[in-house]
Amino acid sequence: MVQLLQYAKRQANALRGNQVTETTHDARPGTHLQLWFLVLLVVFPIVVAVIVSTKETGVVTSLGDLLPGSYAVENYREALVDYRFGRFMWNSLAMSLVIVVGKLIVSVFAAMAIVYYRVPYKDLVFLFILFTLLLPVPVRFIPLFQLMNDLGWSNTILAITVPYIASATTVFILRQHFLSIPTSIVETAKIDGVGPLRFMLFVLLPMSKGVLVGVSIIMFVYAWNQYLWPLIIIDSEANQVAQVGLQLLQGDVQGGQLSWSLVMAGSTLTLLPPLLLMIVFRKPLLETFSIQQK
Amino acid sequence: MSTREIFDSRIESGLLLLPTLLVSIVFLYYPTALAVRTSFFDSSFGQADEFVGLENYVTLLTDSGYHSSLLLSVLFAAVVVIGVIAVSLYLTFLIHEVDTGQGLYLISVIWPYALPPAVGALVFLFIAHPTLGVLTGPIEALGVDVDWFNNGPQAFVVVALAAIWKQIGYNVIFMIAAMNNIPDTLTETAELDGVSGIRRLMSVYVPIMTPTLFFLVIINTIYAFFGTFAFVDLLTSGGPSNATNILIFDLYREGFSFFNFGVASTKSVVLFLVVGVLMFVQFRVTDKYSYYGG
C-alpha cells in the first residue's frame, strides 16, 4: 500500500511534468537527443497516417511528400458517410459501452461477495473465476461460434458483448482494491447496521472511484480493439465494428477502388476513441495498472 | 481474523456471484469443454460428427506444416518478446534519467497501449508498402530490395516490427512504475562507485526489476501468440508461402477457410496447453522472486 501511494505520487508528479525531486543526477545532454529520436520512431507511423488522411490520393512515395493536404474534410466525410464508417464506429461504441457497463456491474457484485461475505467455498469460487484467464477467445472461438449459431445470436450485439461480461481481471483488480479499504470503515458500516445494497452504493463505490475509472478505461480499450471475434461472428456490414470495417476498406484498396487516404482516415477515426480516453484518464489508468500486477 | 467479512447471507452472496459464474460457465468453460470433445471427432459443416478417437491428434503430430507453424510461432514470440523488452527497457531508462519533460515523454511512448492492432497493421502496410511505402525509398537506398509481399523473411520482420511497436506502451507503463520504485540511495551509491549509464541499468536496475520483467515476459509471450492475429491477417494473411502463418492464424484458417472443426478444435486444445504452461511458469517464477517486490 505504501508502495502504491509512493508510486501514485511519483506518477502524478511525472504526469504534471514536474521534476521528480529525488533524482539528483543530471541527465547527460545525449539523453534528450536519444529520447527525441525514439519518440519520433514511435509516433512516426501515426503522424504519416494522419497526414495522408488529409491528402487527395494516398500516394506518398518519399519523405518530401509528407505535407498535409487540403482534402481532410472531404476524406473524413467520404469515410464516415459513403463507406459507412459512421455506422461501424457507432457499432463499436455500443459494443464497448455494453461490455464496460456490464463488466463493471457484474464484477463489482462478484468482488463484493468475495471480500465482504463470510461464506464457505468462496476462495474456491475466486479460483474458479481466476482460472478463466486460461481461456482467452483464441482457445474457444471455434466452439463459441457453434454455440452462437445454436443460440441464434450470430450477427447480433449479444454475440459480441455477453461472452465478454465475465472478467477475471476486473474481479481481481476490484478485489485487491477492496482489500485495501481500511477495515475500520467497514466495521463502522457494520455497527451502523448498513445493509449490503447501501454498503455498496454509499461506502464501496464512493471509495473506489479511481479504480472504477481505471478498469473502465482498460476494459474500453480492450473491447474497442477486439478484431478476431467480430470478424468471425458478424457477417452483415450494417452490424460490423470499426476494426473489421478497416479490413473491408483495405479490401477495396487492394481491388483498386479506393485511395489510401481514405483508409488512413478510417484508421485515424478508429484510433481516436481509445487514445483520447487513455490520455484524458491516464492518471487513474496508471494507478489501476499498478494494482493489477500485485 | 479479517473483519471485512461483515455479511454472511449465503443467498445474497450467491446472487452477487451468479452473473459472473453463469457467463463464465456458459461462454468460457462450456465452449472449452466442447472444444476438447470436438477434438476427438471428425467435424465439419453439413455433416454429422463422427468419433475418430485420437486421429486428429495423430494428424497434428505427423503434419509437417503444423510443426513449422509451431516452430514459427515460437521464433516469432521470441523475437517479439526480446524486441519489446529491449526497446521498452531502454526507453524507460532514458525517461527515468531526464529531469525535465518526463510527463510528455511518457505519454508519447505509452500511447500505443491504446492502438488497435488493426490500425497498427494498416498503417504499417502503408508506410512499408513495397511500391507505395514512404519508408520503402529510404530503405532501398540502403541497398535492401523491399519485397515483403513475396519474400518470407522480410514479411516476418515487418509483422514482428508492427507487433513490437504496438506493445511498447504497455511495457513502459509497468517498467516506469518498477523503476520509480527503486530507492534513489541505490542510484546514488552506484554513481559514487562509478557505475553509470547503461551499466547502471543492466547491473543495478534490471536485477531489482526482475519480478516486473518476468511478468512482462509472460504477458508479451501470450500477446505474441494470441494478440497479433490482426497484424498477420491484415499484413500478410499468413504468407508468403506460410512464412508468417503463426498458430493463431493457422487455427483461424483451419476453422473458417477449411471448416475442419475437428482438427481446428484439436489445435485449440494445443493452444490451451500453451497458455496453461505459460501461466504456470509465471506463477512459479513470481512466487520464487516475489521477495524482491517487498
# chains A, B, ... in the order shown; residues from 1 in each chain; ligands from 1

$ residues_around --residues "B:Ala163" --least-positions-apart "6" --cutoff "12 Å" --atoms "only C-alpha atoms" --output "number ranges by chain"
B: 76-77, 79-84, 112-113, 115-121, 124, 156-157, 169, 220-221, 223-232, 235

$ write_last_selection --atoms "C-alpha atoms" --output "compact mmCIF listing (two decimals), in the first residue's frame"
# COMPACT_ATOMS: atom_id res chain seq x y z
CA PHE B 76 8.04 -15.08 -33.61
CA ALA B 77 7.27 -14.95 -29.89
CA VAL B 79 11.68 -12.05 -31.50
CA VAL B 80 8.67 -10.03 -30.32
CA VAL B 81 9.34 -10.58 -26.60
CA ILE B 82 13.04 -9.75 -26.82
CA GLY B 83 12.38 -6.78 -29.10
CA VAL B 84 9.63 -5.33 -26.93
CA PRO B 112 0.46 2.60 -28.36
CA TYR B 113 -1.25 0.80 -25.47
CA LEU B 115 -3.54 1.46 -30.53
CA PRO B 116 -5.96 -1.02 -32.15
CA PRO B 117 -3.89 -3.82 -33.78
CA ALA B 118 -5.95 -3.46 -36.97
CA VAL B 119 -4.99 0.22 -37.21
CA GLY B 120 -1.35 -0.57 -36.48
CA ALA B 121 -1.36 -3.21 -39.20
CA PHE B 124 2.44 -0.41 -41.33
CA PHE B 156 8.24 -11.98 -40.90
CA VAL B 157 10.30 -8.91 -39.98
CA GLY B 169 3.27 1.30 -24.47
CA ASN B 220 4.29 -10.42 -24.05
CA THR B 221 4.54 -14.11 -24.90
CA TYR B 223 0.41 -11.37 -26.73
CA ALA B 224 2.79 -12.70 -29.39
CA PHE B 225 0.87 -15.98 -29.60
CA PHE B 226 -2.69 -14.59 -29.48
CA GLY B 227 -2.79 -10.80 -29.68
CA THR B 228 -1.07 -10.48 -33.04
CA PHE B 229 -3.78 -12.07 -35.18
CA ALA B 230 -4.86 -8.75 -36.74
CA PHE B 231 -1.29 -7.96 -37.81
CA VAL B 232 -0.92 -11.28 -39.63
CA LEU B 235 -0.41 -7.53 -43.39

$ select_by_dssp --residues "stretch 30-274 of chain A" --states "helix (DSSP H, G or I)" --output "MDAnalysis selection string"
chainID A and resid 30:52 63:65 72:82 85:116 122:134 137:151 157:164 168:180 183:191 196:204 206:224 228:233 237:239 242:254 260:274

$ residues_around --residues "B:Phe261" --least-positions-apart "5" --cutoff "9 Å" --atoms "only C-alpha atoms" --output "MDAnalysis selection string"
(chainID A and resid 142:143) or (chainID B and resid 35 38:39 41:45 254:256 266)

$ write_last_selection --atoms "N, CA and C atoms" --output "mmCIF file, in the first residue's frame"
data_model
loop_
_atom_site.group_PDB
_atom_site.id
_atom_site.type_symbol
_atom_site.label_atom_id
_atom_site.label_comp_id
_atom_site.auth_asym_id
_atom_site.auth_seq_id
_atom_site.Cartn_x
_atom_site.Cartn_y
_atom_site.Cartn_z
ATOM 1 N N ILE A 142 -13.812 -21.450 -31.918
ATOM 2 C CA ILE A 142 -14.460 -22.443 -32.803
ATOM 3 C C ILE A 142 -15.779 -22.929 -32.166
ATOM 4 N N PRO A 143 -15.731 -23.479 -30.917
ATOM 5 C CA PRO A 143 -16.999 -23.901 -30.304
ATOM 6 C C PRO A 143 -17.930 -22.723 -29.986
ATOM 7 N N ALA B 35 -14.683 -27.827 -27.113
ATOM 8 C CA ALA B 35 -13.502 -27.921 -27.984
ATOM 9 C C ALA B 35 -12.772 -29.225 -27.720
ATOM 10 N N THR B 38 -14.891 -31.996 -29.293
ATOM 11 C CA THR B 38 -14.848 -31.996 -30.764
ATOM 12 C C THR B 38 -13.485 -32.435 -31.276
ATOM 13 N N SER B 39 -12.439 -32.259 -30.450
ATOM 14 C CA SER B 39 -11.105 -32.638 -30.913
ATOM 15 C C SER B 39 -10.992 -34.144 -31.129
ATOM 16 N N PHE B 41 -13.449 -35.768 -32.664
ATOM 17 C CA PHE B 41 -14.428 -36.083 -33.712
ATOM 18 C C PHE B 41 -13.972 -35.551 -35.062
ATOM 19 N N ASP B 42 -14.506 -36.191 -36.123
ATOM 20 C CA ASP B 42 -14.368 -35.619 -37.449
ATOM 21 C C ASP B 42 -15.584 -34.726 -37.635
ATOM 22 N N SER B 43 -15.364 -33.417 -37.672
ATOM 23 C CA SER B 43 -16.495 -32.498 -37.632
ATOM 24 C C SER B 43 -16.305 -31.385 -38.647
ATOM 25 N N SER B 44 -17.300 -31.210 -39.522
ATOM 26 C CA SER B 44 -17.257 -30.060 -40.418
ATOM 27 C C SER B 44 -18.680 -29.691 -40.802
ATOM 28 N N PHE B 45 -18.821 -28.619 -41.577
ATOM 29 C CA PHE B 45 -20.143 -28.128 -41.945
ATOM 30 C C PHE B 45 -20.971 -29.180 -42.664
ATOM 31 N N GLU B 254 -7.936 -23.001 -40.399
ATOM 32 C CA GLU B 254 -8.462 -24.374 -40.303
ATOM 33 C C GLU B 254 -9.967 -24.345 -40.052
ATOM 34 N N GLY B 255 -10.384 -23.403 -39.190
ATOM 35 C CA GLY B 255 -11.795 -23.340 -38.843
ATOM 36 C C GLY B 255 -12.640 -22.648 -39.898
ATOM 37 N N PHE B 256 -12.182 -21.486 -40.381
ATOM 38 C CA PHE B 256 -13.088 -20.661 -41.171
ATOM 39 C C PHE B 256 -12.713 -20.521 -42.644
ATOM 40 N N THR B 266 -8.822 -29.474 -32.167
ATOM 41 C CA THR B 266 -7.586 -30.075 -31.661
ATOM 42 C C THR B 266 -6.507 -29.002 -31.528
#

$ closest_residue --among "B:Leu122, B:Met209, B:Ile218, B:Leu72" --to "chain A" --atoms "only C-alpha atoms"
B:Leu122

$ closest_residue --among "B:Thr187, B:Phe283, B:Gln154, B:Ala114" --to "A:Leu272" --atoms "only C-alpha atoms"
B:Ala114

$ interface_residues --of "chain B" --to "chain A" --cutoff "6 Å" --atoms "only C-alpha atoms" --output "short mmCIF file (atom, residue, chain, number, x, y, z; two decimals) with C-alpha atoms, in the first residue's frame"
data_model
loop_
_atom_site.label_atom_id
_atom_site.label_comp_id
_atom_site.auth_asym_id
_atom_site.auth_seq_id
_atom_site.Cartn_x
_atom_site.Cartn_y
_atom_site.Cartn_z
CA ARG B 4 -14.09 -7.28 6.44
CA GLU B 5 -16.50 -10.18 6.23
CA ILE B 6 -19.42 -8.23 7.62
CA PHE B 7 -22.20 -10.08 5.81
CA ASP B 8 -23.00 -13.77 5.94
CA SER B 13 -23.52 -13.81 -1.89
CA LEU B 16 -23.93 -11.48 -6.34
CA LEU B 17 -21.71 -14.18 -7.81
CA THR B 20 -20.09 -13.84 -13.33
CA VAL B 23 -21.31 -16.22 -18.05
CA SER B 24 -18.06 -18.00 -17.13
CA PHE B 27 -19.35 -18.84 -22.56
CA PRO B 31 -17.07 -23.92 -25.11
CA THR B 32 -13.68 -25.09 -23.87
CA ALA B 35 -13.50 -27.92 -27.98
CA GLU B 97 17.12 9.65 -16.36
CA VAL B 98 15.78 13.01 -17.54
CA ASP B 99 14.57 15.66 -15.15
CA GLY B 101 9.66 16.79 -19.75
CA GLN B 102 9.17 13.36 -18.18
CA GLY B 103 5.39 13.55 -18.42
CA ALA B 114 -4.49 2.25 -26.91
CA PRO B 116 -5.96 -1.02 -32.15
CA ALA B 118 -5.95 -3.46 -36.97
CA VAL B 119 -4.99 0.22 -37.21
CA LEU B 132 3.92 2.97 -52.30
CA GLY B 133 5.56 2.99 -48.88
CA VAL B 134 7.12 6.19 -47.65
CA SER B 268 -7.45 -25.03 -29.87
CA PHE B 272 -4.90 -24.02 -24.38
#

$ atom_distance --atom1 "atom CA of B:Glu50" --atom2 "atom CA of B:Thr62"
20.9 Å

$ closest_residue --among "B:Ser108, B:Ser9, B:Gln47, B:Asn171" --to "B:Tyr90" --atoms "only C-alpha atoms"
B:Asn171

$ atom_distance --atom1 "atom CA of B:Arg10" --atom2 "atom CA of A:Phe199"
17.0 Å

$ atom_distance --atom1 "atom CA of A:Val215" --atom2 "atom CA of A:Thr170"
6.7 Å

$ residues_around --residues "B:Glu140" --least-positions-apart "3" --cutoff "12 Å" --atoms "only C-alpha atoms" --output "list of chain:residue names"
A:Ser62, B:Ala128, B:His129, B:Pro130, B:Thr131, B:Gly133, B:Val134, B:Leu135, B:Thr136, B:Gly137, B:Gly143, B:Val144, B:Asp145, B:Val146, B:Asp147

$ decode --residues "stretch 32-47 of chain B" --atoms "N, CA and C atoms" --output "PDB file, in the first residue's frame"
ATOM      1  N   THR B  32     -14.978 -24.420 -23.966  1.00  0.00           N
ATOM      2  CA  THR B  32     -13.684 -25.087 -23.871  1.00  0.00           C
ATOM      3  C   THR B  32     -13.877 -26.603 -23.789  1.00  0.00           C
ATOM      4  N   ALA B  33     -14.850 -27.014 -22.974  1.00  0.00           N
ATOM      5  CA  ALA B  33     -15.145 -28.445 -22.874  1.00  0.00           C
ATOM      6  C   ALA B  33     -15.588 -28.985 -24.240  1.00  0.00           C
ATOM      7  N   LEU B  34     -16.382 -28.165 -24.935  1.00  0.00           N
ATOM      8  CA  LEU B  34     -16.850 -28.562 -26.261  1.00  0.00           C
ATOM      9  C   LEU B  34     -15.672 -28.726 -27.228  1.00  0.00           C
ATOM     10  N   ALA B  35     -14.683 -27.827 -27.113  1.00  0.00           N
ATOM     11  CA  ALA B  35     -13.502 -27.921 -27.984  1.00  0.00           C
ATOM     12  C   ALA B  35     -12.772 -29.225 -27.720  1.00  0.00           C
ATOM     13  N   VAL B  36     -12.640 -29.571 -26.416  1.00  0.00           N
ATOM     14  CA  VAL B  36     -11.957 -30.820 -26.084  1.00  0.00           C
ATOM     15  C   VAL B  36     -12.729 -32.009 -26.682  1.00  0.00           C
ATOM     16  N   ARG B  37     -14.062 -31.981 -26.545  1.00  0.00           N
ATOM     17  CA  ARG B  37     -14.882 -33.063 -27.085  1.00  0.00           C
ATOM     18  C   ARG B  37     -14.717 -33.143 -28.609  1.00  0.00           C
ATOM     19  N   THR B  38     -14.891 -31.996 -29.293  1.00  0.00           N
ATOM     20  CA  THR B  38     -14.848 -31.996 -30.764  1.00  0.00           C
ATOM     21  C   THR B  38     -13.485 -32.435 -31.276  1.00  0.00           C
ATOM     22  N   SER B  39     -12.439 -32.259 -30.450  1.00  0.00           N
ATOM     23  CA  SER B  39     -11.105 -32.638 -30.913  1.00  0.00           C
ATOM     24  C   SER B  39     -10.992 -34.144 -31.129  1.00  0.00           C
ATOM     25  N   PHE B  40     -11.969 -34.916 -30.616  1.00  0.00           N
ATOM     26  CA  PHE B  40     -11.963 -36.373 -30.839  1.00  0.00           C
ATOM     27  C   PHE B  40     -12.925 -36.786 -31.952  1.00  0.00           C
ATOM     28  N   PHE B  41     -13.449 -35.768 -32.664  1.00  0.00           N
ATOM     29  CA  PHE B  41     -14.428 -36.083 -33.712  1.00  0.00           C
ATOM     30  C   PHE B  41     -13.972 -35.551 -35.062  1.00  0.00           C
ATOM     31  N   ASP B  42     -14.506 -36.191 -36.123  1.00  0.00           N
ATOM     32  CA  ASP B  42     -14.368 -35.619 -37.449  1.00  0.00           C
ATOM     33  C   ASP B  42     -15.584 -34.726 -37.635  1.00  0.00           C
ATOM     34  N   SER B  43     -15.364 -33.417 -37.672  1.00  0.00           N
ATOM     35  CA  SER B  43     -16.495 -32.498 -37.632  1.00  0.00           C
ATOM     36  C   SER B  43     -16.305 -31.385 -38.647  1.00  0.00           C
ATOM     37  N   SER B  44     -17.300 -31.210 -39.522  1.00  0.00           N
ATOM     38  CA  SER B  44     -17.257 -30.060 -40.418  1.00  0.00           C
ATOM     39  C   SER B  44     -18.680 -29.691 -40.802  1.00  0.00           C
ATOM     40  N   PHE B  45     -18.821 -28.619 -41.577  1.00  0.00           N
ATOM     41  CA  PHE B  45     -20.143 -28.128 -41.945  1.00  0.00           C
ATOM     42  C   PHE B  45     -20.971 -29.180 -42.664  1.00  0.00           C
ATOM     43  N   GLY B  46     -22.237 -29.261 -42.344  1.00  0.00           N
ATOM     44  CA  GLY B  46     -23.191 -30.045 -43.111  1.00  0.00           C
ATOM     45  C   GLY B  46     -23.002 -31.543 -43.054  1.00  0.00           C
ATOM     46  N   GLN B  47     -22.374 -32.039 -41.989  1.00  0.00           N
ATOM     47  CA  GLN B  47     -22.305 -33.484 -41.836  1.00  0.00           C
ATOM     48  C   GLN B  47     -22.316 -33.833 -40.352  1.00  0.00           C
TER      49      GLN B  47
END
